[in-house]
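For reference, structure38.pdb (PDB, C-alpha atoms and all ligand atoms):
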```pdb
MODEL        1
ATOM      1  CA  MET G   1      -6.908  -2.104  -7.986
ATOM      2  CA  ARG G   2     -10.285  -1.819  -9.664
ATOM      3  CA  VAL G   3     -11.132   1.391 -11.497
ATOM      4  CA  LEU G   4     -14.381   2.410 -13.145
ATOM      5  CA  ASP G   5     -12.915   4.017 -16.255
ATOM      6  CA  MET G   6      -9.433   3.141 -17.486
ATOM      7  CA  GLU G   7      -9.264   6.229 -19.701
ATOM      8  CA  GLN G   8      -9.592   8.434 -16.619
ATOM      9  CA  ALA G   9      -7.466   6.230 -14.380
ATOM     10  CA  ILE G  10      -4.366   6.069 -16.579
ATOM     11  CA  PRO G  11      -3.692   9.848 -16.691
ATOM     12  CA  HIS G  12      -4.278  10.033 -12.917
ATOM     13  CA  TYR G  13      -1.751   7.336 -12.029
ATOM     14  CA  ARG G  14       0.718   8.096 -14.862
ATOM     15  CA  ASP G  15       0.722  11.897 -15.111
ATOM     16  CA  ARG G  16      -0.426  13.085 -11.652
ATOM     17  CA  VAL G  17       0.815  10.381  -9.258
ATOM     18  CA  GLY G  18       3.783   9.894 -11.611
ATOM     19  CA  LEU G  19       3.975   6.123 -12.093
ATOM     20  CA  ASP G  20       5.463   4.744 -15.328
ATOM     21  CA  GLN G  21       3.046   2.741 -17.415
ATOM     22  CA  VAL G  22       4.544  -0.657 -18.270
ATOM     23  CA  GLY G  23       3.791  -2.171 -21.662
ATOM     24  CA  GLU G  24       0.412  -1.952 -23.318
ATOM     25  CA  THR G  25      -2.988  -2.277 -21.658
ATOM     26  CA  GLU G  26      -3.777  -6.018 -21.771
ATOM     27  CA  GLY G  27      -7.508  -6.629 -22.042
ATOM     28  CA  ASP G  28      -9.036  -4.807 -19.089
ATOM     29  CA  ARG G  29      -5.711  -4.385 -17.226
ATOM     30  CA  ALA G  30      -2.959  -1.744 -17.224
ATOM     31  CA  PHE G  31       0.419  -2.068 -15.451
ATOM     32  CA  PHE G  32       2.511   0.545 -13.621
ATOM     33  CA  ARG G  33       5.666   0.955 -11.547
ATOM     34  CA  GLY G  34       7.368   3.725  -9.583
ATOM     35  CA  PHE G  35      10.600   5.090 -11.111
ATOM     36  CA  ASP G  36      12.706   3.748  -8.241
ATOM     37  CA  GLU G  37      11.387   0.173  -8.376
ATOM     38  CA  PHE G  38      13.413  -2.624  -9.946
ATOM     39  CA  ASP G  39      10.547  -5.028 -10.591
ATOM     40  CA  ARG G  40       8.476  -4.898 -13.777
ATOM     41  CA  HIS G  41       5.298  -3.620 -12.144
ATOM     42  CA  SER G  42       3.896  -2.849  -8.710
ATOM     43  CA  ILE G  43       0.383  -1.628  -9.522
ATOM     44  CA  ILE G  44      -2.165  -3.287 -11.798
ATOM     45  CA  LEU G  45      -5.378  -1.443 -12.611
ATOM     46  CA  ARG G  46      -8.395  -3.441 -13.764
ATOM     47  CA  GLU G  47     -11.491  -1.813 -15.234
ATOM     48  CA  ALA G  48     -14.603  -3.003 -13.393
ATOM     49  CA  ASP G  49     -18.091  -1.940 -12.279
ATOM     50  CA  THR G  50     -16.941  -1.159  -8.723
ATOM     51  CA  PRO G  51     -13.733   0.435  -7.407
ATOM     52  CA  GLY G  52     -11.626  -1.313  -4.744
ATOM     53  CA  LEU G  53      -8.954  -3.959  -4.494
ATOM     54  CA  ASP G  54      -8.820  -7.405  -6.142
ATOM     55  CA  VAL G  55      -5.565  -8.624  -4.649
ATOM     56  CA  ILE G  56      -2.347  -7.440  -3.020
ATOM     57  CA  GLY G  57       0.972  -9.183  -3.560
ATOM     58  CA  PHE G  58       4.043  -9.655  -1.409
ATOM     59  CA  LYS G  59       7.340 -10.789  -2.865
ATOM     60  CA  VAL G  60       9.160 -13.456  -0.846
ATOM     61  CA  ALA G  61      12.909 -14.057  -0.876
ATOM     62  CA  SER G  62      13.005 -17.368  -2.766
ATOM     63  CA  ASP G  63      10.857 -19.867  -4.616
ATOM     64  CA  ARG G  64      11.429 -22.358  -1.790
ATOM     65  CA  ASP G  65       9.883 -19.874   0.649
ATOM     66  CA  LEU G  66       6.616 -20.101  -1.277
ATOM     67  CA  ASP G  67       6.294 -23.754  -0.238
ATOM     68  CA  VAL G  68       7.317 -22.968   3.345
ATOM     69  CA  PHE G  69       4.728 -20.185   3.672
ATOM     70  CA  LYS G  70       2.051 -22.273   1.923
ATOM     71  CA  LYS G  71       2.553 -25.061   4.498
ATOM     72  CA  ARG G  72       2.338 -22.599   7.368
ATOM     73  CA  ILE G  73      -0.831 -20.949   6.040
ATOM     74  CA  ASP G  74      -2.413 -24.365   5.365
ATOM     75  CA  ALA G  75      -1.546 -25.412   8.929
ATOM     76  CA  MET G  76      -3.604 -22.484  10.228
ATOM     77  CA  GLY G  77      -6.650 -23.850   8.398
ATOM     78  CA  VAL G  78      -6.574 -21.063   5.796
ATOM     79  CA  ARG G  79      -7.114 -22.353   2.259
ATOM     80  CA  THR G  80      -4.333 -21.668  -0.255
ATOM     81  CA  GLU G  81      -4.386 -21.876  -4.016
ATOM     82  CA  GLU G  82      -1.410 -22.147  -6.370
ATOM     83  CA  ILE G  83      -1.503 -19.914  -9.433
ATOM     84  CA  PRO G  84       0.872 -20.892 -12.247
ATOM     85  CA  ALA G  85       3.612 -18.614 -13.582
ATOM     86  CA  GLY G  86       2.538 -16.108 -16.216
ATOM     87  CA  ALA G  87      -0.928 -15.273 -14.846
ATOM     88  CA  ASP G  88       0.509 -11.759 -14.611
ATOM     89  CA  PRO G  89       3.125 -10.824 -17.229
ATOM     90  CA  GLY G  90       6.678 -11.364 -16.005
ATOM     91  CA  VAL G  91       5.602 -12.939 -12.700
ATOM     92  CA  GLY G  92       6.410 -16.459 -11.463
ATOM     93  CA  ARG G  93       4.075 -18.864  -9.665
ATOM     94  CA  LYS G  94       1.987 -17.472  -6.854
ATOM     95  CA  ILE G  95       0.382 -18.737  -3.657
ATOM     96  CA  ARG G  96      -2.997 -17.129  -3.012
ATOM     97  CA  PHE G  97      -4.943 -16.960   0.244
ATOM     98  CA  THR G  98      -7.851 -14.954   1.645
ATOM     99  CA  THR G  99      -7.777 -13.401   5.115
ATOM    100  CA  PRO G 100     -10.698 -13.440   7.585
ATOM    101  CA  THR G 101     -11.297  -9.788   6.567
ATOM    102  CA  LYS G 102     -11.869 -11.113   2.980
ATOM    103  CA  HIS G 103      -8.776  -9.583   1.464
ATOM    104  CA  VAL G 104      -6.977 -11.656  -1.163
ATOM    105  CA  PHE G 105      -3.181 -11.920  -0.996
ATOM    106  CA  ASP G 106      -0.658 -13.397  -3.413
ATOM    107  CA  LEU G 107       2.875 -14.433  -2.500
ATOM    108  CA  TYR G 108       5.375 -14.690  -5.335
ATOM    109  CA  ALA G 109       9.151 -15.035  -5.554
ATOM    110  CA  ASP G 110      10.002 -14.028  -9.104
ATOM    111  CA  MET G 111       9.281 -10.988 -11.205
ATOM    112  CA  GLU G 112      11.137  -9.715 -14.256
ATOM    113  CA  ILE G 113      13.309  -6.638 -13.768
ATOM    114  CA  SER G 114      12.052  -3.493 -15.482
ATOM    115  CA  ASP G 115      13.721  -2.242 -18.672
ATOM    116  CA  THR G 116      13.988   1.160 -16.979
ATOM    117  CA  ALA G 117      14.908  -0.113 -13.507
ATOM    118  CA  PRO G 118      17.171   2.035 -11.318
ATOM    119  CA  MET G 119      20.737   1.919 -12.634
ATOM    120  CA  THR G 120      23.229  -0.369 -10.916
ATOM    121  CA  LYS G 121      26.503   0.704 -12.585
ATOM    122  CA  ASN G 122      27.558   4.277 -11.721
ATOM    123  CA  PRO G 123      23.905   4.857 -10.940
ATOM    124  CA  ASP G 124      22.249   8.183 -11.626
ATOM    125  CA  VAL G 125      19.492   9.200  -9.224
ATOM    126  CA  TRP G 126      16.886   8.263 -11.835
ATOM    127  CA  HIS G 127      16.757   6.651 -15.235
ATOM    128  CA  ARG G 128      13.995   8.826 -16.689
ATOM    129  CA  GLU G 129      13.098  12.164 -15.156
ATOM    130  CA  PRO G 130      10.285  11.692 -12.595
ATOM    131  CA  ARG G 131       6.872  13.238 -13.348
ATOM    132  CA  GLY G 132       3.843  14.450 -11.461
ATOM    133  CA  MET G 133       4.105  13.817  -7.716
ATOM    134  CA  ARG G 134       7.392  11.962  -8.412
ATOM    135  CA  VAL G 135       6.435   8.898  -6.342
ATOM    136  CA  GLN G 136       9.425   6.628  -5.868
ATOM    137  CA  ARG G 137       7.517   3.400  -5.320
ATOM    138  CA  PHE G 138       4.358   1.727  -4.130
ATOM    139  CA  ASP G 139       4.642   1.420  -0.364
ATOM    140  CA  HIS G 140       1.644  -0.148   1.404
ATOM    141  CA  CYS G 141      -2.112  -0.593   1.574
ATOM    142  CA  ALA G 142      -4.450  -0.097   4.512
ATOM    143  CA  LEU G 143      -7.398  -2.488   4.463
ATOM    144  CA  ASN G 144     -10.766  -2.352   6.237
ATOM    145  CA  GLY G 145     -12.657  -5.303   7.685
ATOM    146  CA  THR G 146     -14.194  -6.895  10.767
ATOM    147  CA  ASP G 147     -11.849  -9.613  12.077
ATOM    148  CA  ILE G 148      -8.597  -7.682  11.920
ATOM    149  CA  VAL G 149      -7.175  -9.802  14.753
ATOM    150  CA  GLY G 150      -7.701 -12.936  12.631
ATOM    151  CA  SER G 151      -6.031 -11.352   9.602
ATOM    152  CA  THR G 152      -3.127 -10.116  11.739
ATOM    153  CA  LYS G 153      -2.610 -13.650  13.082
ATOM    154  CA  ILE G 154      -1.816 -14.991   9.580
ATOM    155  CA  PHE G 155       0.752 -12.297   8.919
ATOM    156  CA  VAL G 156       2.454 -12.692  12.302
ATOM    157  CA  GLU G 157       2.312 -16.468  12.748
ATOM    158  CA  ALA G 158       2.654 -17.706   9.167
ATOM    159  CA  LEU G 159       4.506 -14.897   7.394
ATOM    160  CA  ASP G 160       6.840 -13.554  10.135
ATOM    161  CA  PHE G 161       5.500  -9.976  10.153
ATOM    162  CA  GLU G 162       5.844  -7.931  13.354
ATOM    163  CA  VAL G 163       3.171  -5.661  14.783
ATOM    164  CA  SER G 164       4.779  -2.222  14.942
ATOM    165  CA  GLU G 165       1.798  -0.187  16.212
ATOM    166  CA  THR G 166      -1.806  -0.667  17.293
ATOM    167  CA  VAL G 167      -4.767   1.469  18.273
ATOM    168  CA  VAL G 168      -6.629  -0.140  21.160
ATOM    169  CA  ASP G 169      -9.932   0.596  22.858
ATOM    170  CA  GLU G 170      -8.633   0.208  26.385
ATOM    171  CA  SER G 171     -12.137  -0.045  27.874
ATOM    172  CA  ASN G 172     -12.552  -3.548  26.397
ATOM    173  CA  GLY G 173      -9.162  -4.399  24.841
ATOM    174  CA  THR G 174     -10.487  -4.298  21.242
ATOM    175  CA  GLU G 175      -7.830  -3.639  18.613
ATOM    176  CA  LEU G 176      -9.156  -0.917  16.306
ATOM    177  CA  ALA G 177      -6.185  -0.811  13.939
ATOM    178  CA  VAL G 178      -3.021  -2.872  13.478
ATOM    179  CA  PHE G 179       0.144  -1.841  11.616
ATOM    180  CA  MET G 180       2.625  -4.549  10.619
ATOM    181  CA  SER G 181       6.143  -4.576   9.206
ATOM    182  CA  CYS G 182       8.204  -7.231   7.413
ATOM    183  CA  SER G 183      11.100  -4.850   6.789
ATOM    184  CA  ASN G 184      12.737  -1.739   8.237
ATOM    185  CA  LYS G 185       9.640   0.283   7.313
ATOM    186  CA  ALA G 186       7.248   1.337  10.065
ATOM    187  CA  HIS G 187       4.513  -0.580   8.226
ATOM    188  CA  ASP G 188       4.100  -2.763   5.160
ATOM    189  CA  ILE G 189       0.401  -3.509   5.674
ATOM    190  CA  ALA G 190      -2.317  -2.149   7.953
ATOM    191  CA  PHE G 191      -5.722  -3.497   8.936
ATOM    192  CA  ILE G 192      -8.351  -1.080  10.240
ATOM    193  CA  GLY G 193     -11.522  -2.287  11.939
ATOM    194  CA  PHE G 194     -14.670  -1.574   9.904
ATOM    195  CA  PRO G 195     -18.136  -3.199   9.830
ATOM    196  CA  GLU G 196     -17.745  -4.338   6.203
ATOM    197  CA  ASP G 197     -15.129  -6.813   4.920
ATOM    198  CA  GLY G 198     -12.892  -6.715   1.867
ATOM    199  CA  LYS G 199     -12.570  -2.942   1.749
ATOM    200  CA  LEU G 200      -9.610  -0.845   0.619
ATOM    201  CA  HIS G 201      -8.905   2.195   2.768
ATOM    202  CA  HIS G 202      -5.940   3.482   0.781
ATOM    203  CA  THR G 203      -3.028   2.651  -1.493
ATOM    204  CA  SER G 204       0.136   4.517  -0.563
ATOM    205  CA  PHE G 205       3.171   5.686  -2.508
ATOM    206  CA  ARG G 206       6.529   6.814  -1.165
ATOM    207  CA  LEU G 207       7.941  10.301  -1.785
ATOM    208  CA  GLU G 208      11.511  11.421  -1.158
ATOM    209  CA  SER G 209      10.861  14.382   1.124
ATOM    210  CA  TRP G 210       8.426  16.610   3.005
ATOM    211  CA  ASN G 211       8.968  19.121   0.151
ATOM    212  CA  ASP G 212       7.569  16.511  -2.210
ATOM    213  CA  VAL G 213       4.444  16.225  -0.035
ATOM    214  CA  GLY G 214       3.977  19.968  -0.612
ATOM    215  CA  HIS G 215       4.607  19.461  -4.333
ATOM    216  CA  ALA G 216       1.933  16.704  -4.331
ATOM    217  CA  ALA G 217      -0.457  19.192  -2.697
ATOM    218  CA  ASP G 218       0.318  21.709  -5.482
ATOM    219  CA  ILE G 219      -0.529  19.087  -8.098
ATOM    220  CA  ILE G 220      -3.759  18.124  -6.305
ATOM    221  CA  THR G 221      -4.944  21.739  -6.379
ATOM    222  CA  ARG G 222      -3.580  22.576  -9.858
ATOM    223  CA  TYR G 223      -5.426  19.639 -11.432
ATOM    224  CA  ASP G 224      -8.463  19.781  -9.149
ATOM    225  CA  ILE G 225      -7.932  16.277  -7.747
ATOM    226  CA  SER G 226     -10.353  15.342  -4.963
ATOM    227  CA  LEU G 227      -8.511  15.997  -1.664
ATOM    228  CA  ASP G 228      -9.199  14.010   1.509
ATOM    229  CA  ILE G 229      -6.789  15.570   4.004
ATOM    230  CA  GLY G 230      -3.314  17.016   4.256
ATOM    231  CA  PRO G 231      -0.538  17.865   4.030
ATOM    232  CA  THR G 232      -0.255  16.662   7.609
ATOM    233  CA  ARG G 233       1.606  14.096   9.670
ATOM    234  CA  HIS G 234       0.730  10.793  11.290
ATOM    235  CA  GLY G 235       1.476  10.055  14.942
ATOM    236  CA  ILE G 236       1.454   6.390  13.924
ATOM    237  CA  THR G 237       4.648   5.757  11.853
ATOM    238  CA  ARG G 238       5.384   9.554  11.969
ATOM    239  CA  GLY G 239       4.916   9.734   8.177
ATOM    240  CA  GLN G 240       4.307  13.111   6.503
ATOM    241  CA  THR G 241       1.304  12.649   4.310
ATOM    242  CA  ILE G 242      -1.440  13.819   1.981
ATOM    243  CA  TYR G 243      -4.564  11.822   1.004
ATOM    244  CA  PHE G 244      -6.623  12.203  -2.153
ATOM    245  CA  PHE G 245      -8.945  10.174  -4.381
ATOM    246  CA  ASP G 246      -8.448   8.725  -7.850
ATOM    247  CA  PRO G 247     -11.228   9.369 -10.412
ATOM    248  CA  SER G 248     -12.938   6.102  -9.327
ATOM    249  CA  GLY G 249     -13.011   7.064  -5.640
ATOM    250  CA  ASN G 250     -10.106   4.878  -4.492
ATOM    251  CA  ARG G 251      -8.142   6.715  -1.807
ATOM    252  CA  ASN G 252      -4.446   7.318  -2.542
ATOM    253  CA  GLU G 253      -1.773   8.467  -0.114
ATOM    254  CA  THR G 254       1.600   9.965  -0.918
ATOM    255  CA  PHE G 255       3.956  10.267   2.030
ATOM    256  CA  SER G 256       7.537  10.757   3.140
ATOM    257  CA  GLY G 257       9.462  10.142   6.337
ATOM    258  CA  GLY G 258       8.427   7.779   9.091
ATOM    259  CA  TYR G 259      10.765   6.075  11.513
ATOM    260  CA  ASP G 260      12.991   3.086  10.784
ATOM    261  CA  TYR G 261      11.550  -0.056  12.302
ATOM    262  CA  TYR G 262      13.656  -2.877  13.761
ATOM    263  CA  PRO G 263      12.175  -6.264  14.658
ATOM    264  CA  ASP G 264      13.255  -5.933  18.292
ATOM    265  CA  ASN G 265      11.401  -2.613  18.702
ATOM    266  CA  PRO G 266       8.697  -2.853  21.348
ATOM    267  CA  ARG G 267       5.163  -2.418  20.033
ATOM    268  CA  ARG G 268       3.872   1.167  20.099
ATOM    269  CA  VAL G 269       0.291   1.392  21.380
ATOM    270  CA  TRP G 270      -2.209   4.222  20.981
ATOM    271  CA  SER G 271      -5.312   4.407  23.139
ATOM    272  CA  ALA G 272      -8.606   5.133  21.375
ATOM    273  CA  ASP G 273      -8.979   8.481  23.134
ATOM    274  CA  GLU G 274      -5.748   9.623  21.410
ATOM    275  CA  ALA G 275      -6.735   8.222  17.991
ATOM    276  CA  GLY G 276      -7.041  11.748  16.578
ATOM    277  CA  LYS G 277      -3.386  12.470  17.320
ATOM    278  CA  ALA G 278      -2.392   8.960  16.209
ATOM    279  CA  ILE G 279      -3.890   9.402  12.749
ATOM    280  CA  PHE G 280      -3.523  13.174  12.183
ATOM    281  CA  TYR G 281      -0.833  14.481  14.487
ATOM    282  CA  TYR G 282      -1.380  18.162  13.659
ATOM    283  CA  GLU G 283      -5.199  18.305  13.521
ATOM    284  CA  ARG G 284      -5.497  15.936  16.522
ATOM    285  CA  GLN G 285      -8.951  14.880  15.363
ATOM    286  CA  LEU G 286     -10.292  12.422  12.823
ATOM    287  CA  ASN G 287     -12.372  13.484   9.877
ATOM    288  CA  ASP G 288     -15.593  11.572   9.168
ATOM    289  CA  ARG G 289     -14.689  10.921   5.558
ATOM    290  CA  PHE G 290     -11.418   9.280   6.522
ATOM    291  CA  MET G 291     -13.192   6.903   8.903
ATOM    292  CA  THR G 292     -16.175   5.990   6.711
ATOM    293  CA  VAL G 293     -15.264   6.303   3.013
ATOM    294  CA  ASN G 294     -13.484   3.370   1.407
ATOM    295  CA  THR G 295     -13.810   1.239  -1.718
TER     296      THR G 295
HETATM  297 FE    FE N 301      -0.868   4.823   4.782
ENDMDL
END
```

How does the structure come out when it is put into structure tokens?
Amino acid sequence: MRVLDMEQAIPHYRDRVGLDQVGETEGDRAFFRGFDEFDRHSIILREADTPGLDVIGFKVASDRDLDVFKKRIDAMGVRTEEIPAGADPGVGRKIRFTTPTKHVFDLYADMEISDTAPMTKNPDVWHREPRGMRVQRFDHCALNGTDIVGSTKIFVEALDFEVSETVVDESNGTELAVFMSCSNKAHDIAFIGFPEDGKLHHTSFRLESWNDVGHAADIITRYDISLDIGPTRHGITRGQTIYFFDPSGNRNETFSGGYDYYPDNPRRVWSADEAGKAIFYYERQLNDRFMTVNT
């Protein structure tokens, strides 16, 4: 993620969101992970002139899968690029591609395990006491762009994602938002239709409980963090959620709950006239900021 001022961004993500900072800042980049993540890092901040998202990575099960997925993406006429191991500290080789919505994705198979990873022998509930909002891990991003159907196609046809939920304008069949899963989570990535490509709607972190969503709200008010909306609940995924902004204007979400997704679940579909309830189940209406502000 791009941030305008690293000196403001680090305390936000480390002390308020509660991520652990990994290693030293390297050049213009700083590395973070949630306390319940095994891998070395899950969030990289880069200082830049504009906020937003450079790239989002997905870990695949094996190095061999990288070649399989590369072939499949190539076969769809989407250009791929191989990035050698070590471009990010502790990370193996990567396959990079850009979606029709102009979002850049990396696939990788190997990442070093964190020195403070969750314990595996007689494991305590945490290694170091969680801080701030006590986020367990990075969970997903929602991305804005025009051809969300084209971007979805890559994830479904080349990368074996399933569409768990959609919002559809039933008057003309246009998909307004698509939520996809590659796991038992209700979503691992979402694309939301928007007139401008390459935009980041939000970066989301997992909390343990609905009580923790309330605790996140306390922290947002105590430290005067810019609030978007919440605590509330989504109809889509059923997650309990609160949205706020980092000091650079990137939207963050912390959430708990949500249903377990299984690949044989039928797709859940929301009609546009119920989009309010789909996005904010309690308010039952969208707020302008949520629909128009992104980075
Ligand atoms: Fe989200």

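For Ile225 in chain G, the non-local neighbours within 9 Å, defined as residues at least 6 positions apart in the same chain or in other chains and counting all atoms listed in the file, are His12, Ile219, Phe244, Phe245, Asp246 and Pro247 of chain G.
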
Quiz prompt | Contact residues around range 64-79 of chain G with all atoms listed in the file at 10 Å, ignoring same-chain residues under 3 positions, as a PyMOL selection string | solution = chain G and resi 59-61+82+93-100+107-109+153-155+157-160

Quiz item: Residues at most 10 Å from Leu4 in chain G, counting only C-alpha atoms, excluding those fewer than 5 positions away in the same chain, as a list in words?
Solution: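 So, after excluding close chain neighbours, the residues are Ala9, Leu45, Arg46, Glu47, Ala48, Asp49, Thr50, Pro51, Gly52, Pro247, Ser248, Gly249 and Asn250 of chain G.
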
Quiz item: Between G:Asn211, G:Gln240, G:Thr146, G:Thr25, which is the closest to ligand FE 301 (chain N) once you count all atoms listed in the file?
Solution: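 Smallest separation from ligand FE 301 (chain N) among the options: G:Gln240.
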
Practice problem: Kindly extract all protein, DNA and RNA residues lying within 7 Å of the coordinates (-11.7, -2.1, -4.0) given in the file, considering only C-alpha atoms, and supply them as a PyMOL selection string. | Solution: chain G and resi 1-2+51-54+199-200+295

Quiz item: Taking into account only C-alpha atoms and all ligand atoms, which residue in the set G:Asp139, G:Asp260, G:Glu175, G:Asp15 is nearest to ligand FE 301 (chain N)?
Solution: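 Under the stated criterion, the closest residue is G:Asp139.
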
Practice problem: Would you list the residues near (-8.3, 8.5, 4.0) (no more than 10 Å away, in the coordinates of the file, using all atoms listed in the file) as a list in words? | Solution: Ala142, His201, His202, Thr203, Leu227, Asp228, Ile229, Gly230, Ile242, Tyr243, Phe244, Phe245, Asn250, Arg251, Asn252, Glu253, Ile279, Leu286, Asn287, Asp288, Arg289, Phe290, Met291, Thr292, Val293 and Asn294 of chain G

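If all atoms listed in the file are the atoms counted, then among G:His127, G:Arg16, G:Arg238, G:Arg268 the closest residue to ligand FE 301 (chain N) is G:Arg238.
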
Quiz item: With all atoms listed in the file as the basis for distance, which of G:Gly150, G:Pro118, G:Gly23, G:Gly235 is at the shortest distance from ligand FE 301 (chain N)?
Solution: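 Among G:Gly150, G:Pro118, G:Gly23, G:Gly235, it is G:Gly235 that comes nearest to ligand FE 301 (chain N).
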
Exercise. Identify which of the residues G:Ile113, G:Ala190, G:Met133, G:Val163 lies closest to Gly145 in chain G, counting only C-alpha atoms when measuring atom-to-atom distances.
Key: G:Ala190

Quiz prompt | Between CA of Thr120 in chain G and CA of Val135 in chain G, distance in Å (one decimal) | solution =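 Going from CA of Thr120 in chain G over to CA of Val135 in chain G, I get 19.7 Å.
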
Give as a short mmCIF file (atom, residue, chain, number, x, y, z; two decimals) with C-alpha atoms, keeping the file's coordinate frame the residues that the PyMOL selection byres (((chain G and resi 254) around 6) and not hetatm) matches when applied to the coordinates above.
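Once written, out_23.cif looks like this:
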```cif
data_model
loop_
_atom_site.label_atom_id
_atom_site.label_comp_id
_atom_site.auth_asym_id
_atom_site.auth_seq_id
_atom_site.Cartn_x
_atom_site.Cartn_y
_atom_site.Cartn_z
CA SER G 204 0.14 4.52 -0.56
CA PHE G 205 3.17 5.69 -2.51
CA ARG G 206 6.53 6.81 -1.16
CA THR G 241 1.30 12.65 4.31
CA ILE G 242 -1.44 13.82 1.98
CA GLU G 253 -1.77 8.47 -0.11
CA PHE G 255 3.96 10.27 2.03
#
```

Quiz item: Residues picked by the PyMOL selection byres (((chain G and resi 283) around 12) and not hetatm) here, as a VMD selection string?
Solution: chain G and resid 229 to 235 274 to 282 284 to 287

Grab the residues selected above and save them as a PDB file, keeping the file's coordinate frame with C-alpha atoms.
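Final output, saved to part14.pdb:
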```pdb
ATOM      1  CA  ILE G 229      -6.789  15.570   4.004  1.00  0.00           C
ATOM      2  CA  GLY G 230      -3.314  17.016   4.256  1.00  0.00           C
ATOM      3  CA  PRO G 231      -0.538  17.865   4.030  1.00  0.00           C
ATOM      4  CA  THR G 232      -0.255  16.662   7.609  1.00  0.00           C
ATOM      5  CA  ARG G 233       1.606  14.096   9.670  1.00  0.00           C
ATOM      6  CA  HIS G 234       0.730  10.793  11.290  1.00  0.00           C
ATOM      7  CA  GLY G 235       1.476  10.055  14.942  1.00  0.00           C
ATOM      8  CA  GLU G 274      -5.748   9.623  21.410  1.00  0.00           C
ATOM      9  CA  ALA G 275      -6.735   8.222  17.991  1.00  0.00           C
ATOM     10  CA  GLY G 276      -7.041  11.748  16.578  1.00  0.00           C
ATOM     11  CA  LYS G 277      -3.386  12.470  17.320  1.00  0.00           C
ATOM     12  CA  ALA G 278      -2.392   8.960  16.209  1.00  0.00           C
ATOM     13  CA  ILE G 279      -3.890   9.402  12.749  1.00  0.00           C
ATOM     14  CA  PHE G 280      -3.523  13.174  12.183  1.00  0.00           C
ATOM     15  CA  TYR G 281      -0.833  14.481  14.487  1.00  0.00           C
ATOM     16  CA  TYR G 282      -1.380  18.162  13.659  1.00  0.00           C
ATOM     17  CA  ARG G 284      -5.497  15.936  16.522  1.00  0.00           C
ATOM     18  CA  GLN G 285      -8.951  14.880  15.363  1.00  0.00           C
ATOM     19  CA  LEU G 286     -10.292  12.422  12.823  1.00  0.00           C
ATOM     20  CA  ASN G 287     -12.372  13.484   9.877  1.00  0.00           C
TER      21      ASN G 287
END
```

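Nearest to ligand FE 301 (chain N) of all the residues G:Trp126, G:Tyr261, G:Phe179, G:Phe194 is G:Phe179, based on only C-alpha atoms and all ligand atoms.
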
Please write out, as lines of an AutoDock Vina configuration file, where the centre of an axis-aligned box around all listed atoms of range 73-79 of chain G lies and how long its edges are, in Å to one decimal, after adding 8 Å on each side.
```
center_x = -4.0
center_y = -23.2
center_z = 6.2
size_x = 22.3
size_y = 20.5
size_z = 24.0
```

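As for CA of Trp210 in chain G and CA of Arg222 in chain G, they are spaced 18.6 Å apart.
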
Quiz prompt | Interatomic distance, CA of Tyr259 in chain G to CA of Val156 in chain G (Å, one decimal) | solution =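 Straight-line distance from CA of Tyr259 in chain G to CA of Val156 in chain G works out to 20.5 Å.
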
Taking 2 positions as the minimum chain separation for residues in the same chain, which residues sit within 10 Å of Pro266 in chain G when counting only C-alpha atoms? Answer as an mmCIF file with C-alpha atoms, in the frame of the given file.
```cif
data_model
loop_
_atom_site.group_PDB
_atom_site.id
_atom_site.type_symbol
_atom_site.label_atom_id
_atom_site.label_comp_id
_atom_site.auth_asym_id
_atom_site.auth_seq_id
_atom_site.Cartn_x
_atom_site.Cartn_y
_atom_site.Cartn_z
ATOM 1 C CA GLU G 162 5.844 -7.931 13.354
ATOM 2 C CA VAL G 163 3.171 -5.661 14.783
ATOM 3 C CA SER G 164 4.779 -2.222 14.942
ATOM 4 C CA GLU G 165 1.798 -0.187 16.212
ATOM 5 C CA TYR G 261 11.550 -0.056 12.302
ATOM 6 C CA TYR G 262 13.656 -2.877 13.761
ATOM 7 C CA PRO G 263 12.175 -6.264 14.658
ATOM 8 C CA ASP G 264 13.255 -5.933 18.292
ATOM 9 C CA ARG G 268 3.872 1.167 20.099
ATOM 10 C CA VAL G 269 0.291 1.392 21.380
#
```

Quiz prompt | Picked residues, the PyMOL selection byres (((chain G and resi 57) around 7) and not hetatm), as a PyMOL selection string | solution = chain G and resi 55-56+58-59+105-107

Self-check item: Near-Glu112 in chain G list (10 Å; only C-alpha atoms; drop same-chain fewer than 5 positions) as a PyMOL selection string
Solution: chain G and resi 38-41+89-92

Those selected residues, please, written with C-alpha atoms and delivered as a PDB file, in the frame of the given file.
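Writing the result to out38.pdb gives the following:
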```pdb
ATOM      1  CA  PHE G  38      13.413  -2.624  -9.946  1.00  0.00           C
ATOM      2  CA  ASP G  39      10.547  -5.028 -10.591  1.00  0.00           C
ATOM      3  CA  ARG G  40       8.476  -4.898 -13.777  1.00  0.00           C
ATOM      4  CA  HIS G  41       5.298  -3.620 -12.144  1.00  0.00           C
ATOM      5  CA  PRO G  89       3.125 -10.824 -17.229  1.00  0.00           C
ATOM      6  CA  GLY G  90       6.678 -11.364 -16.005  1.00  0.00           C
ATOM      7  CA  VAL G  91       5.602 -12.939 -12.700  1.00  0.00           C
ATOM      8  CA  GLY G  92       6.410 -16.459 -11.463  1.00  0.00           C
TER       9      GLY G  92
END
```
